[in-house]
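J.: Take a look at this one; I'll ask things after.
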Amino acid sequence: MPRLNPIDPNEAEGKAKTLLKGVEKALGMTPNLMRTLANSPAALEAYLSFANALGNGRLSAKLREQIALAVSNANGCAYCASAHTAVGKMLGLDAAELTNNLHASSGDPKVETALKFAHAIIAKEGWLGDDDLQHVRDAGYDDGEIVELVAATAFTIFTNYFNHIAETEVDFPLVAVDELAAA
């Protein structure tokens with residue numbers, strides 16, 4: 001049972017109503033994450049603005065979803081693992097790749113380097129060494145892309161932690177996360 005109540009889009013008022021209508025129009029549904037964030041229209045607007053800004057960046061939508069999967073599993077967030085698996089499927093990622101991505105792995109060495117980088121950000125609480133940066137540079141990422149890798153990781157951490165606190169009800173096909181990560 002959720003610890004923070006999702007807002008019914010039909011009962012929302014003011015800015016929350018406007019934002020939730022925009023989500024419904026864009027996605028064809030209003031995920032519980034966004035309905036719960038709507039308790040604070042400022043937080044929902046920040047979430048949507050961050051997502052939109054990253055969508056206009058240089059990292060592909062697929063890579064952003066793959067990062068979200070690796071980060072969500074590392075943080076034990078079943079809501080985000082489930083949502084990003086569903087979106088990843090819509091973007092053409094197959095089941096084996098999605099499972100690999102949850103474990104910061106990929107059939108594509110460059111993608112795997114990005115996922116391991118995101119995982120290192122979590123494991124080292126942002127205190128990455130020169131060797132971590134060099135490894136991601138050696139894989140072909142430039143400084144702008146590295147900034148976006150950090151941003152995509154931080155964005156997912158926000159939603160993971162929010163869902164832990166809110167106990168957001170999963171409204172996507174459920175994907176299990178690693179027990180050790182969730183402990």
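Just remember, in the structure tokens the first chain shown is A, the second B, etc., residues are 1-based per chain, and ligands are 1-based in the order shown.
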Please list as a list in words every residue within 9 Å of Arg64 (chain A), counting only C-alpha atoms and excluding residues in the same chain fewer than 6 positions away.
T.: Leu54, Gly55, Leu149, Ala152 and Thr153 of chain A
J.: Skip region 98-102 of chain A itself and residues of its chain fewer than 2 positions away, then list as a ChimeraX atom specification all residues within 12 Å of it, counting only C-alpha atoms.
T.: /A:62-78,80-96,104-109,111-116,118-119,175-178,181
J.: Go ahead and save the residues from that selection, with N, CA and C atoms, as a short mmCIF file (atom, residue, chain, number, x, y, z; two decimals), in the first residue's frame.
T.:
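Heads up, here's the output in selection_13.cif:
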```
data_model
loop_
_atom_site.label_atom_id
_atom_site.label_comp_id
_atom_site.auth_asym_id
_atom_site.auth_seq_id
_atom_site.Cartn_x
_atom_site.Cartn_y
_atom_site.Cartn_z
N LYS A 62 17.41 4.89 -25.83
CA LYS A 62 17.74 3.52 -25.41
C LYS A 62 18.78 3.52 -24.30
N LEU A 63 19.85 4.27 -24.49
CA LEU A 63 20.91 4.28 -23.49
C LEU A 63 20.40 4.85 -22.17
N ARG A 64 19.57 5.87 -22.22
CA ARG A 64 19.02 6.43 -20.98
C ARG A 64 18.17 5.38 -20.25
N GLU A 65 17.41 4.59 -21.00
CA GLU A 65 16.62 3.51 -20.38
C GLU A 65 17.53 2.43 -19.81
N GLN A 66 18.59 2.10 -20.52
CA GLN A 66 19.53 1.09 -20.05
C GLN A 66 20.21 1.55 -18.76
N ILE A 67 20.58 2.81 -18.70
CA ILE A 67 21.16 3.36 -17.47
C ILE A 67 20.14 3.27 -16.34
N ALA A 68 18.90 3.65 -16.63
CA ALA A 68 17.86 3.60 -15.61
C ALA A 68 17.67 2.19 -15.07
N LEU A 69 17.79 1.19 -15.94
CA LEU A 69 17.66 -0.20 -15.49
C LEU A 69 18.80 -0.58 -14.55
N ALA A 70 20.03 -0.27 -14.93
CA ALA A 70 21.18 -0.61 -14.09
C ALA A 70 21.10 0.10 -12.74
N VAL A 71 20.75 1.37 -12.75
CA VAL A 71 20.66 2.15 -11.52
C VAL A 71 19.51 1.64 -10.65
N SER A 72 18.37 1.36 -11.26
CA SER A 72 17.20 0.90 -10.50
C SER A 72 17.45 -0.43 -9.82
N ASN A 73 18.11 -1.34 -10.51
CA ASN A 73 18.42 -2.63 -9.89
C ASN A 73 19.43 -2.43 -8.75
N ALA A 74 20.44 -1.60 -8.98
CA ALA A 74 21.44 -1.35 -7.94
C ALA A 74 20.80 -0.75 -6.69
N ASN A 75 19.75 0.04 -6.89
CA ASN A 75 19.05 0.67 -5.77
C ASN A 75 17.85 -0.13 -5.29
N GLY A 76 17.58 -1.27 -5.91
CA GLY A 76 16.49 -2.12 -5.47
C GLY A 76 15.12 -1.52 -5.70
N CYS A 77 14.94 -0.77 -6.78
CA CYS A 77 13.66 -0.12 -7.06
C CYS A 77 12.87 -0.91 -8.10
N ALA A 78 11.93 -1.72 -7.63
CA ALA A 78 11.11 -2.53 -8.53
C ALA A 78 10.22 -1.67 -9.41
N CYS A 80 10.82 1.34 -10.75
CA CYS A 80 11.59 1.86 -11.88
C CYS A 80 12.11 0.75 -12.78
N ALA A 81 12.52 -0.37 -12.20
CA ALA A 81 12.97 -1.49 -13.03
C ALA A 81 11.83 -1.95 -13.94
N SER A 82 10.62 -1.98 -13.39
CA SER A 82 9.45 -2.40 -14.17
C SER A 82 9.10 -1.38 -15.25
N ALA A 83 9.06 -0.11 -14.88
CA ALA A 83 8.72 0.93 -15.85
C ALA A 83 9.74 1.02 -16.97
N HIS A 84 11.02 0.99 -16.62
CA HIS A 84 12.06 1.14 -17.64
C HIS A 84 12.22 -0.12 -18.50
N THR A 85 11.85 -1.27 -17.97
CA THR A 85 11.82 -2.48 -18.80
C THR A 85 10.72 -2.34 -19.85
N ALA A 86 9.56 -1.85 -19.43
CA ALA A 86 8.45 -1.66 -20.38
C ALA A 86 8.82 -0.66 -21.47
N VAL A 87 9.43 0.45 -21.08
CA VAL A 87 9.83 1.46 -22.06
C VAL A 87 10.95 0.91 -22.95
N GLY A 88 11.90 0.21 -22.34
CA GLY A 88 12.98 -0.39 -23.13
C GLY A 88 12.47 -1.32 -24.20
N LYS A 89 11.45 -2.12 -23.86
CA LYS A 89 10.83 -3.01 -24.86
C LYS A 89 10.22 -2.19 -25.99
N MET A 90 9.56 -1.08 -25.66
CA MET A 90 8.97 -0.22 -26.68
C MET A 90 10.04 0.38 -27.59
N LEU A 91 11.24 0.55 -27.07
CA LEU A 91 12.35 1.11 -27.85
C LEU A 91 13.13 0.05 -28.62
N GLY A 92 12.71 -1.21 -28.49
CA GLY A 92 13.33 -2.27 -29.27
C GLY A 92 14.39 -3.09 -28.57
N LEU A 93 14.57 -2.90 -27.28
CA LEU A 93 15.53 -3.73 -26.55
C LEU A 93 14.90 -5.09 -26.29
N ASP A 94 15.67 -6.16 -26.53
CA ASP A 94 15.11 -7.49 -26.33
C ASP A 94 15.24 -7.93 -24.87
N ALA A 95 14.55 -9.02 -24.54
CA ALA A 95 14.48 -9.49 -23.15
C ALA A 95 15.86 -9.78 -22.57
N ALA A 96 16.73 -10.41 -23.35
CA ALA A 96 18.07 -10.74 -22.85
C ALA A 96 18.87 -9.48 -22.54
N ALA A 104 23.94 -4.15 -15.06
CA ALA A 104 25.00 -3.26 -15.56
C ALA A 104 25.87 -3.96 -16.59
N SER A 105 25.23 -4.74 -17.44
CA SER A 105 25.92 -5.49 -18.48
C SER A 105 25.20 -5.25 -19.80
N SER A 106 25.91 -5.47 -20.91
CA SER A 106 25.30 -5.29 -22.23
C SER A 106 26.10 -6.07 -23.27
N GLY A 107 25.42 -6.44 -24.33
CA GLY A 107 26.08 -7.06 -25.46
C GLY A 107 26.92 -6.06 -26.24
N ASP A 108 26.71 -4.78 -26.01
CA ASP A 108 27.46 -3.70 -26.66
C ASP A 108 28.49 -3.17 -25.65
N PRO A 109 29.79 -3.33 -25.95
CA PRO A 109 30.82 -2.92 -24.98
C PRO A 109 30.75 -1.44 -24.59
N VAL A 111 28.01 0.47 -24.45
CA VAL A 111 26.87 0.59 -23.54
C VAL A 111 27.24 0.03 -22.18
N GLU A 112 27.89 -1.13 -22.17
CA GLU A 112 28.27 -1.74 -20.90
C GLU A 112 29.19 -0.81 -20.10
N THR A 113 30.08 -0.12 -20.76
CA THR A 113 30.95 0.82 -20.06
C THR A 113 30.12 1.92 -19.41
N ALA A 114 29.11 2.43 -20.11
CA ALA A 114 28.23 3.46 -19.53
C ALA A 114 27.49 2.92 -18.32
N LEU A 115 27.00 1.68 -18.41
CA LEU A 115 26.25 1.09 -17.31
C LEU A 115 27.15 0.84 -16.10
N LYS A 116 28.36 0.40 -16.34
CA LYS A 116 29.31 0.19 -15.23
C LYS A 116 29.70 1.53 -14.61
N ALA A 118 27.71 4.20 -14.46
CA ALA A 118 26.55 4.58 -13.63
C ALA A 118 26.56 3.78 -12.32
N HIS A 119 26.86 2.51 -12.42
CA HIS A 119 26.91 1.67 -11.23
C HIS A 119 28.02 2.14 -10.28
N VAL A 175 8.90 -6.37 -12.58
CA VAL A 175 10.25 -6.90 -12.79
C VAL A 175 10.91 -6.96 -11.42
N ALA A 176 11.41 -8.12 -11.08
CA ALA A 176 12.08 -8.30 -9.79
C ALA A 176 13.45 -7.65 -9.83
N VAL A 177 13.84 -7.10 -8.70
CA VAL A 177 15.18 -6.53 -8.56
C VAL A 177 15.99 -7.44 -7.65
N ASP A 178 17.30 -7.31 -7.71
CA ASP A 178 18.17 -8.13 -6.89
C ASP A 178 17.90 -7.89 -5.42
N ALA A 181 20.56 -5.85 -3.63
CA ALA A 181 20.48 -4.41 -3.91
C ALA A 181 19.41 -3.77 -3.05
#
```
J.: Got a sec: who's within 8 Å of region 8-14 of chain A, counting only C-alpha atoms, leaving out chain neighbours fewer than 4 positions off, as a list in words?
T.: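 Once the adjacent positions are removed, what remains is Thr18, Leu20, Lys21, Thr30 and Arg35 of chain A.
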J.: For Glu145 (chain A), work out the shell of residues within 12 Å, counting only C-alpha atoms and skipping chain neighbours fewer than 3 positions away, then give it as a PyMOL selection string.
T.: chain A and resi 54+57-60+63-64+114+117+133+136-137+139-142+148-152
J.: CA of Thr168 (chain A) and CA of Leu33 (chain A), how far apart in Å?
T.: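 These two atoms are separated by 6.4 Å.
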J.: Let's see if you can do this: from backbone DSSP, list all alpha helix (DSSP H) residues in chain A, as a count of residues only.
T.: 122
J.: Enter the distance from CA of Glu169 (chain A) to CA of Ala120 (chain A), in Å, rounded to one decimal.
T.: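 Spanning CA of Glu169 (chain A) to CA of Ala120 (chain A) is a straight-line distance of 28.3 Å.
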J.: Mind checking which residues fall within 8 Å of Asp171 (chain A), counting only C-alpha atoms, ignoring those fewer than 6 positions away in the same chain, and posting them as a PDB file with C-alpha atoms, in the first residue's frame?
T.:
```pdb
ATOM      1  CA  PRO A  31       1.842   6.354 -14.268  1.00  0.00           C
ATOM      2  CA  ASN A  32       1.545   6.142 -10.486  1.00  0.00           C
ATOM      3  CA  TYR A  79       8.875   0.327  -9.712  1.00  0.00           C
ATOM      4  CA  ALA A  83       8.715   0.933 -15.850  1.00  0.00           C
TER       5      ALA A  83
END
```
